[in-house]
Structures are given as structure tokens and as C-alpha cells.
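Below is one structure, written out as C-alpha cells; comments come after it.
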Amino acid sequence: MPRGNHAKGGLRSHRRRIGKHLVIAPWIIITAICVLVLAGLTTTWVVLVTRGCGGSAVTATVYADPAVSSIIDKQAQTWMQGSPAVDGHCAKISVVPRDSASVAAALAPSWDPRTDGTRPDAWVPESSLWMQLAASRPDAARMLPERRPSLARSPAVIAMPKPMAEVMKKVAPKLTWNQLATEYAGKVWAKYGHASWGGIRVDMTDATTSTAGLHAVTAMADANDDGDISTAERLSLNQIWQVGAAHPTDTQQVIQKLESADSSSTTAVLKTVSAFPALEQDVISYNQDGPKVPLTAVYPSDGSADADFPYLTLSWSHQTTPSINDDAQRVRTDIAHKFLTDLRSDTAKKAFRDAGYRDASRRPGPLMTAANGVDRKVPTLPRKVMSPDSVSQTVSMWTSISRDSNVLLIMDVSAGMGQKVAGTNKTKLQLAGDAVAEAITLFGPGARLGLWDYASHVKGDSADYEQIVPVDTLNGTYQGTTRRVAINNALDQLEPVGEPTLYDTVAAAYKMMRQHYQNDASNRIVVVTGSGNDSASKTGLAELTSTLNAGADKNHPLPVVTVGYGSGVDLSSLQTISQASGGRTYAASSPTEVSKVLLTALFSGAPPTSD
């Protein structure tokens, strides 16, 4: 107290005596300035803490495969609690669960929010193979980044009930997918002393929708593991895939069958399925529920292709997508980039490992145990990632072999298609015809195909479309030859004439295909056009879309898939038509691009999905 009182009294005494001749000691001035500066800094810090980030909020959308979307969303929620700021804006992340196949099929500058949902700023597919499938279309390839960091890994394995895996490891200690398909599928377990198990049942999940199925099929296709399909490999695919195998949509369908059988008895499980493609994490997840008959992961001896969950920051621009605001998009892209840093943190890596995934270097997590049916260390090396064209070709061939097709091809033969293409000695129509002829070689003999063309006065009279070859089986006879040959001959003989009559043609084609709809087949109409507009139809665009909307049936889909070829194509009208029917629109600027896009148009198994 004496000290305080003394100080207090002294301060009052000095203040009373301040005058114009008083000299204040320098240390007093310095001390006062420091106090003011510190007070200011403290106030600023309080304001920042109170306000968090500055500026308006901007949300970047991340599409993530449902397998990991909850992990990524949890990381996003934690990240946003720190009020991150990017480019002067409060940064937010919206994680949208979306299966990899749907995004791969939709990804393009022509992405349609009406059918495909909010435009994504980043994409996390389950595997780089889906990225490669998208990249087989040049317009999508230009949107994908060079930097593609993996967030986690789960090797693709041959999943088998444990007793069967134990026998198979003795019979074929170096089992590959090719061996399973050609040497064991469809045979009987009696040969190996287990007659009660019945046949060796292989469920080969759909490569157009299932990541594990896609990995298995591409491993079969690329027998020498060089990332490409040679002519010899292509010729052997039919034999490999003509196995007595079921084709469920995805791994979860197989697992549900097993769960149902397991609730009954051990015998029921062993008669349900012998082997199927799965990810290592699927095996772990199944076994953690304590089934009577656990699964075992058999690692193919010729390499395990990993589901590697790449984080892909996508490139959008006003130049290719007019609805884009480049400045606003730049902020969302920067937010997506910054969020990646958090997804590669130790906390995020632990979250993936705890969920049954390996890290980007294949290091195991706590669930990688023999009790969970997997090896702690992956016993095989990763396979090479296949080239985009090889993935697309493999999926197309798989589709043609594994499911029936009922497809009407429609060619635009209006006058604009008669333009010569620079660097070639052919017209747009001739080159488009060549691309179609090449694509249909992938259809099996049982596929149903037909060919129409359209333009005003296409038959020399008032007709504005023409049925050149009616839809029926390619192996069937038509005018003294096979339908396949008839279609090829007709493609060679197409001549440009008249004005576009797209709307009349699609209306008539849709009505015809509805009448000849094939259950349990992939039904679709594929239009190849160099204009995309219509100047001569009696039917208007509004009337056509009304017809397509009225005829839409989710249980019996009949999408009109449109391919716009060349610059100046009216993609807006094409998108309106496709969207009304549940189809998609693809753009191609060159003959090479038409060939690549057609594979997706003809064989894609992923329908549009809206939020």
C-alpha cells in the first residue's frame, strides 16, 4: 500500500506542475507509444477473432464418391470451424456424395445443372480409372488437372468366402483374374473335394458402375500390364468374358446376397457366390460384422490395381462454358485447392486409415489384420493405370458383351455436313460416318441396331427423315446381307442435302423406339449432328420436349443421347432434347474426338443424376 499511495500522490503532483517549459523524459514517451501500439494490436486481434474471416462467403462444391464422402465431409466441417479465408472471402466447402460413374459420364464443359446437379469445383472419384474414362473424351480431359494426389488407397481383390479361398490358394497359389474367368468360373468344387459347395460361381460386377468390377475387367483386358490394349489382347477379350458369371450392379449387391445367406446357414453362403471383385475395404467392413462365414481377400498375382481416391481440382472457364463467371470461379477453385491441404493432414490420413483404407503409400491402418480377411502388407505391386482410350474401349466392349443393346443411330445429312474438313479429303458427314462405323464394331452379334438419317427432302420429296436400316439384330439378315454390313454400306453412301429437320426426326424416332422397347436391354437413341439446330421441322422444340417429357419412364428409360460435331453446333438445343429424355449431350470438335465421344454415347451405363 505505501508504494501505491506514493505513486498515486506523485502522479497527481507532476500533473499539476506541467507547463510549457516542462521537458518530458524520453523513456516516458516511448513507454506511452508502446502501450498505445499494443492496445491497438489487441483490439485488432479481438476484432479478427470475433469476425473470423473477412468478406462474403463463397462455397466450393466437392463431389466425392459415397465410399468416402462422409470422411471428407467431416474434415470439411472441422476445417470450416476455423473460419478459413481465401482471396478475401470466407471459404466454405459443400461435399456432395455422388457415384464415380455418373460424374465420369457427365463431366464436360457442357455439364447441365438441371440434370447433373451443382457444378463441382473438385472431384474425388473412387479410382483414377474413372478419371481416365472421363479423360477419354477430349473436352473432359482438358478440365482435369495434372496434379492428382491420392487421399487413400484400397486394392482391388478377389473376394471369396474363407473356406473357398483356403482351397483356391492351394489349387492356384498365383491366381489372376484371367485364370479365374477362363479356368475356374463355371466349373464345380467337386473336382477339389467339395461337392456340397456346388459350382464355382463368379459374380463379375458391372464395369460401367462398379469400381471393383472396372478394376477386374481392365486387369483382364490388359494382360501384360503395360497400360494399353493390344490387338491380340482385344481379340481375346470375348473368350475371357464369355463366362458363366452373373453381372450384379455393384459389390454391395453381392454383399447383400451374402448377408442374407449368412443369416441362414454356412451351407447357404457357400452356395451363393464363390468369388467376386471387391475392394480390400469391402472385405474388412463385411468381416467386422462377425459373419458365420467371413470373406478373404485374394490378391491377384499379376498386380492389384488400387482404388486411389484422387483429389481433382477441375478447370472451368467462360470460354467453354458461357454461364461461368471466371472471377467467381477462380475463388471457388482456390478454395478447393486450399481444402486439399487439410485433406492431406495427419488428422485426415488417420480418419481414412481408421475407416479401413491404406494411406497414399499403401501403409496399413489398424483394421488391416488377418482377422479381417486381409494382409497387413499388400503382397503384390500396383498395376499400371491404363490409358484413357484403353479404359474407354474396355468398358465399351464389356458393355456390349455383358448386356443387350437396342440402339437407333441417327445421322444428320443436312447441307452443312457436306463441308470439307481441313487437313483431310473428306466431308464432315464422311468422317462422322467413319467414326460411327468404327464404334459399332464393338457391338456383339446379338445387339439390335438400326440407322436413320435426316434433312429436308432427304428422299427427294417432302420427307424430312429416312429409315435406312430398321432396328433388329446385327447378325440378322437384311436385304440379302447381315444388318451390320447393311449399316456400314449405308454409312458409306450418305449424301448431304437440304436443311436440318432434327425435331421432327427425334419425335418420330422416339415414338418408334417406345413401340419397340426391349426389356432387360440398354435402349437409346444416338443422334450425330453437325448443326444441332433445326430450320425445317414442323415440330417445334417446345412441342418436342413436351413429347419427350410425357414419354419419360424411369423404369423403362429411353435416353436421346446427342453428339454435336464441329464448331458452331447449337449445344443448347441438343441439351434441351437430351435433358427432356434423360440423356446427355456430348461435344466433339474433330473426327478423332467424334470417335472417342461415340463410345461414351453408345455404351455409357451411367444415367444422369440430379441433386
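By order in the C-alpha cells, chains are A, B, ...; within a chain, residues start at 1; ligands start at 1, following the order shown.
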Sel. of strand (DSSP E or B) residues, stretch 141-233 of chain A, as a ChimeraX atom specification: /A:150,153-161,188,199,202-203
Could you please take those selected residues and save all heavy atoms as a short mmCIF file (atom, residue, chain, number, x, y, z; two decimals), in the first residue's frame?
```cif
data_model
loop_
_atom_site.label_atom_id
_atom_site.label_comp_id
_atom_site.auth_asym_id
_atom_site.auth_seq_id
_atom_site.Cartn_x
_atom_site.Cartn_y
_atom_site.Cartn_z
N SER A 150 -3.38 -38.68 -54.34
CA SER A 150 -4.23 -39.73 -53.78
C SER A 150 -4.50 -39.43 -52.30
O SER A 150 -3.58 -39.11 -51.55
CB SER A 150 -3.55 -41.09 -53.93
OG SER A 150 -4.20 -42.08 -53.16
N ARG A 153 -5.97 -45.38 -50.23
CA ARG A 153 -5.92 -46.49 -51.18
C ARG A 153 -6.64 -47.72 -50.62
O ARG A 153 -6.63 -47.95 -49.42
CB ARG A 153 -4.48 -46.86 -51.54
CG ARG A 153 -3.78 -45.83 -52.41
CD ARG A 153 -2.38 -46.25 -52.81
NE ARG A 153 -1.78 -45.27 -53.70
CZ ARG A 153 -1.87 -45.29 -55.03
NH1 ARG A 153 -2.55 -46.25 -55.62
NH2 ARG A 153 -1.30 -44.37 -55.75
N SER A 154 -7.24 -48.47 -51.56
CA SER A 154 -7.81 -49.77 -51.21
C SER A 154 -7.66 -50.68 -52.42
O SER A 154 -8.31 -50.48 -53.45
CB SER A 154 -9.29 -49.62 -50.85
OG SER A 154 -9.79 -50.82 -50.28
N PRO A 155 -6.75 -51.66 -52.35
CA PRO A 155 -6.51 -52.53 -53.50
C PRO A 155 -7.76 -53.30 -53.91
O PRO A 155 -8.56 -53.71 -53.06
CB PRO A 155 -5.42 -53.48 -53.00
CG PRO A 155 -4.74 -52.73 -51.90
CD PRO A 155 -5.82 -51.93 -51.24
N ALA A 156 -7.92 -53.50 -55.22
CA ALA A 156 -8.98 -54.36 -55.74
C ALA A 156 -8.55 -55.81 -55.58
O ALA A 156 -7.43 -56.18 -55.96
CB ALA A 156 -9.26 -54.04 -57.20
N VAL A 157 -9.42 -56.63 -55.00
CA VAL A 157 -9.07 -58.02 -54.70
C VAL A 157 -10.15 -58.96 -55.19
O VAL A 157 -11.26 -58.54 -55.54
CB VAL A 157 -8.88 -58.22 -53.18
CG1 VAL A 157 -7.75 -57.34 -52.65
CG2 VAL A 157 -10.18 -57.92 -52.42
N ILE A 158 -9.82 -60.24 -55.22
CA ILE A 158 -10.80 -61.29 -55.47
C ILE A 158 -11.33 -61.70 -54.09
O ILE A 158 -10.61 -62.29 -53.29
CB ILE A 158 -10.16 -62.50 -56.18
CG1 ILE A 158 -9.54 -62.07 -57.51
CG2 ILE A 158 -11.21 -63.59 -56.40
CD1 ILE A 158 -8.69 -63.15 -58.17
N ALA A 159 -12.57 -61.34 -53.81
CA ALA A 159 -13.16 -61.67 -52.51
C ALA A 159 -13.79 -63.05 -52.58
O ALA A 159 -14.57 -63.34 -53.51
CB ALA A 159 -14.20 -60.63 -52.11
N MET A 160 -13.48 -63.89 -51.59
CA MET A 160 -14.02 -65.25 -51.56
C MET A 160 -14.39 -65.62 -50.13
O MET A 160 -13.72 -65.18 -49.18
CB MET A 160 -12.96 -66.26 -52.07
CG MET A 160 -12.45 -65.99 -53.47
SD MET A 160 -11.27 -67.26 -54.05
CE MET A 160 -12.42 -68.63 -54.32
N PRO A 161 -15.46 -66.42 -49.94
CA PRO A 161 -15.71 -66.97 -48.61
C PRO A 161 -14.47 -67.71 -48.13
O PRO A 161 -13.81 -68.40 -48.91
CB PRO A 161 -16.89 -67.93 -48.84
CG PRO A 161 -17.60 -67.34 -50.03
CD PRO A 161 -16.50 -66.81 -50.91
N VAL A 188 -16.89 -76.94 -61.19
CA VAL A 188 -17.50 -77.38 -59.93
C VAL A 188 -16.44 -77.61 -58.86
O VAL A 188 -15.30 -77.99 -59.15
CB VAL A 188 -18.32 -78.68 -60.13
CG1 VAL A 188 -19.54 -78.41 -61.01
CG2 VAL A 188 -17.46 -79.79 -60.73
N GLY A 199 -21.30 -75.36 -57.83
CA GLY A 199 -20.45 -74.80 -58.87
C GLY A 199 -19.59 -73.65 -58.38
O GLY A 199 -19.85 -73.06 -57.33
N VAL A 202 -18.94 -67.16 -60.07
CA VAL A 202 -18.23 -65.87 -60.09
C VAL A 202 -19.23 -64.77 -60.44
O VAL A 202 -19.86 -64.82 -61.48
CB VAL A 202 -17.08 -65.88 -61.11
CG1 VAL A 202 -16.40 -64.52 -61.15
CG2 VAL A 202 -16.07 -66.96 -60.77
N ASP A 203 -19.37 -63.81 -59.55
CA ASP A 203 -20.20 -62.63 -59.83
C ASP A 203 -19.27 -61.51 -60.31
O ASP A 203 -18.50 -60.95 -59.52
CB ASP A 203 -20.94 -62.17 -58.57
CG ASP A 203 -22.23 -62.95 -58.35
OD1 ASP A 203 -22.44 -63.94 -59.06
OD2 ASP A 203 -23.00 -62.57 -57.46
#
```
Which residue of A:Thr272, A:Thr218, A:Ser531, A:Asn488 approaches A:Leu502 most closely, using only C-alpha atoms: A:Ser531
Option closest in space to A:Gln75, from A:Asp453, A:Asp342, A:Glu499, A:Glu593 [counting only C-alpha atoms]: A:Asp342
Residue nearest A:Gly423 - candidates A:Leu491, A:Leu558, A:Thr481, A:Ser590, atoms counted: only C-alpha atoms: A:Ser590
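Within 8 Å of stretch 251-254 of chain A, once only C-alpha atoms are used and residues closer than 4 positions along the same chain are dropped, the contacting residues are A:Asp203, A:Thr205, A:Ser210, A:Ala212, A:Gly213, A:Leu258, A:Phe276, A:Pro277, A:Ala278.
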Write to file, as a PDB file, in the first residue's frame, the residues of the selection just made, with C-alpha atoms.
```
ATOM      1  CA  ASP A 203     -20.196 -62.630 -59.833  1.00  0.00           C
ATOM      2  CA  THR A 205     -19.833 -56.774 -61.114  1.00  0.00           C
ATOM      3  CA  SER A 210     -18.689 -50.736 -60.029  1.00  0.00           C
ATOM      4  CA  ALA A 212     -14.049 -53.164 -58.226  1.00  0.00           C
ATOM      5  CA  GLY A 213     -15.670 -54.531 -61.387  1.00  0.00           C
ATOM      6  CA  LEU A 258     -24.081 -62.980 -48.761  1.00  0.00           C
ATOM      7  CA  PHE A 276     -16.371 -61.550 -56.865  1.00  0.00           C
ATOM      8  CA  PRO A 277     -14.480 -58.272 -57.331  1.00  0.00           C
ATOM      9  CA  ALA A 278     -14.241 -56.153 -54.190  1.00  0.00           C
TER      10      ALA A 278
END
```
Selection near stretch 309-316 of chain A, 6 Å with only C-alpha atoms, sequence-local residues under 5 positions removed, as an NGL selection string: :A and (121-127 or 143-144 or 148-152)
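Closest to A:Asp492 among A:Gly433, A:Pro382, A:Gly450, A:Gly583 is A:Gly433, based on only C-alpha atoms.
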Test item: residues at most 12 Å from A:Glu543, only C-alpha atoms, excluding those fewer than 4 positions along its chain, as a VMD selection string: chain A and resid 503 to 504 506 to 507 537 to 539 547 to 550 576 to 577 580
If we count only C-alpha atoms and set the cut-off at 8 Å, which residues sit around stretch 94-102 of chain A, ignoring sequence neighbours fewer than 3 positions away in its own chain? Please answer as a compact mmCIF listing (two decimals) with N, CA and C atoms, in the first residue's frame.
```txt
# COMPACT_ATOMS: atom_id res chain seq x y z
N THR A 59 -18.76 -20.71 -51.49
CA THR A 59 -18.75 -22.16 -51.27
C THR A 59 -18.21 -22.89 -52.49
N ALA A 60 -17.23 -23.74 -52.27
CA ALA A 60 -16.72 -24.63 -53.31
C ALA A 60 -17.40 -25.99 -53.13
N THR A 61 -17.82 -26.58 -54.24
CA THR A 61 -18.51 -27.87 -54.20
C THR A 61 -17.55 -28.99 -54.55
N VAL A 62 -17.49 -29.99 -53.68
CA VAL A 62 -16.64 -31.16 -53.90
C VAL A 62 -17.53 -32.38 -54.06
N TYR A 63 -17.47 -33.00 -55.23
CA TYR A 63 -18.18 -34.26 -55.44
C TYR A 63 -17.26 -35.39 -54.99
N ALA A 64 -17.76 -36.23 -54.10
CA ALA A 64 -16.94 -37.33 -53.57
C ALA A 64 -17.71 -38.63 -53.67
N ASP A 65 -17.01 -39.69 -54.03
CA ASP A 65 -17.67 -40.99 -54.09
C ASP A 65 -18.26 -41.30 -52.72
N PRO A 66 -19.47 -41.89 -52.67
CA PRO A 66 -20.12 -42.18 -51.39
C PRO A 66 -19.27 -43.01 -50.43
N SER A 69 -17.32 -40.07 -48.87
CA SER A 69 -17.89 -38.72 -48.75
C SER A 69 -18.09 -38.31 -47.30
N ILE A 72 -14.74 -37.14 -45.88
CA ILE A 72 -14.37 -35.83 -46.43
C ILE A 72 -15.27 -34.74 -45.88
N ASP A 73 -16.55 -35.03 -45.72
CA ASP A 73 -17.47 -34.03 -45.18
C ASP A 73 -17.12 -33.68 -43.73
N ALA A 76 -14.31 -31.40 -43.79
CA ALA A 76 -14.75 -30.07 -44.24
C ALA A 76 -15.40 -29.29 -43.10
N ALA A 105 -19.30 -39.83 -66.50
CA ALA A 105 -20.10 -39.73 -67.73
C ALA A 105 -20.55 -38.30 -68.00
N ALA A 106 -20.77 -37.52 -66.94
CA ALA A 106 -21.31 -36.17 -67.11
C ALA A 106 -20.24 -35.10 -67.29
N PRO A 125 -13.15 -39.20 -57.22
CA PRO A 125 -13.70 -40.50 -57.62
C PRO A 125 -13.07 -41.60 -56.78
N GLU A 126 -13.67 -42.77 -56.83
CA GLU A 126 -13.15 -43.88 -56.05
C GLU A 126 -11.82 -44.38 -56.60
N TRP A 130 -11.81 -44.06 -63.19
CA TRP A 130 -12.97 -43.24 -63.58
C TRP A 130 -12.50 -41.92 -64.18
N THR A 208 -19.35 -50.74 -65.71
CA THR A 208 -19.79 -49.38 -66.00
C THR A 208 -20.25 -48.64 -64.75
N THR A 209 -20.41 -49.36 -63.63
CA THR A 209 -20.89 -48.72 -62.41
C THR A 209 -20.08 -49.10 -61.18
N SER A 210 -19.40 -50.23 -61.20
CA SER A 210 -18.69 -50.74 -60.03
C SER A 210 -17.19 -50.52 -60.16
N ALA A 606 -24.03 -45.07 -67.15
CA ALA A 606 -24.38 -44.19 -66.04
C ALA A 606 -25.39 -43.14 -66.47
N PRO A 607 -26.64 -43.22 -66.00
CA PRO A 607 -27.64 -42.23 -66.37
C PRO A 607 -27.42 -40.92 -65.65
N PRO A 608 -28.02 -39.84 -66.12
CA PRO A 608 -27.90 -38.56 -65.41
C PRO A 608 -28.51 -38.67 -64.02
N THR A 609 -27.97 -37.90 -63.09
CA THR A 609 -28.47 -37.89 -61.72
C THR A 609 -28.54 -36.46 -61.25
```
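Minimum atom-to-atom distance to A:Arg119, evaluated using only C-alpha atoms, belongs to A:Thr321 out of A:Thr321, A:Gln132, A:Thr267, A:Ser274.
Between atom CA of A:Ala536 and atom CA of A:Ser456 the separation is 6.5 Å.
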Residue contacts of A:Asn533 (7 Å, only C-alpha atoms) excluding same-chain residues fewer than 4 positions away, as a ChimeraX atom specification: /A:500,570,573
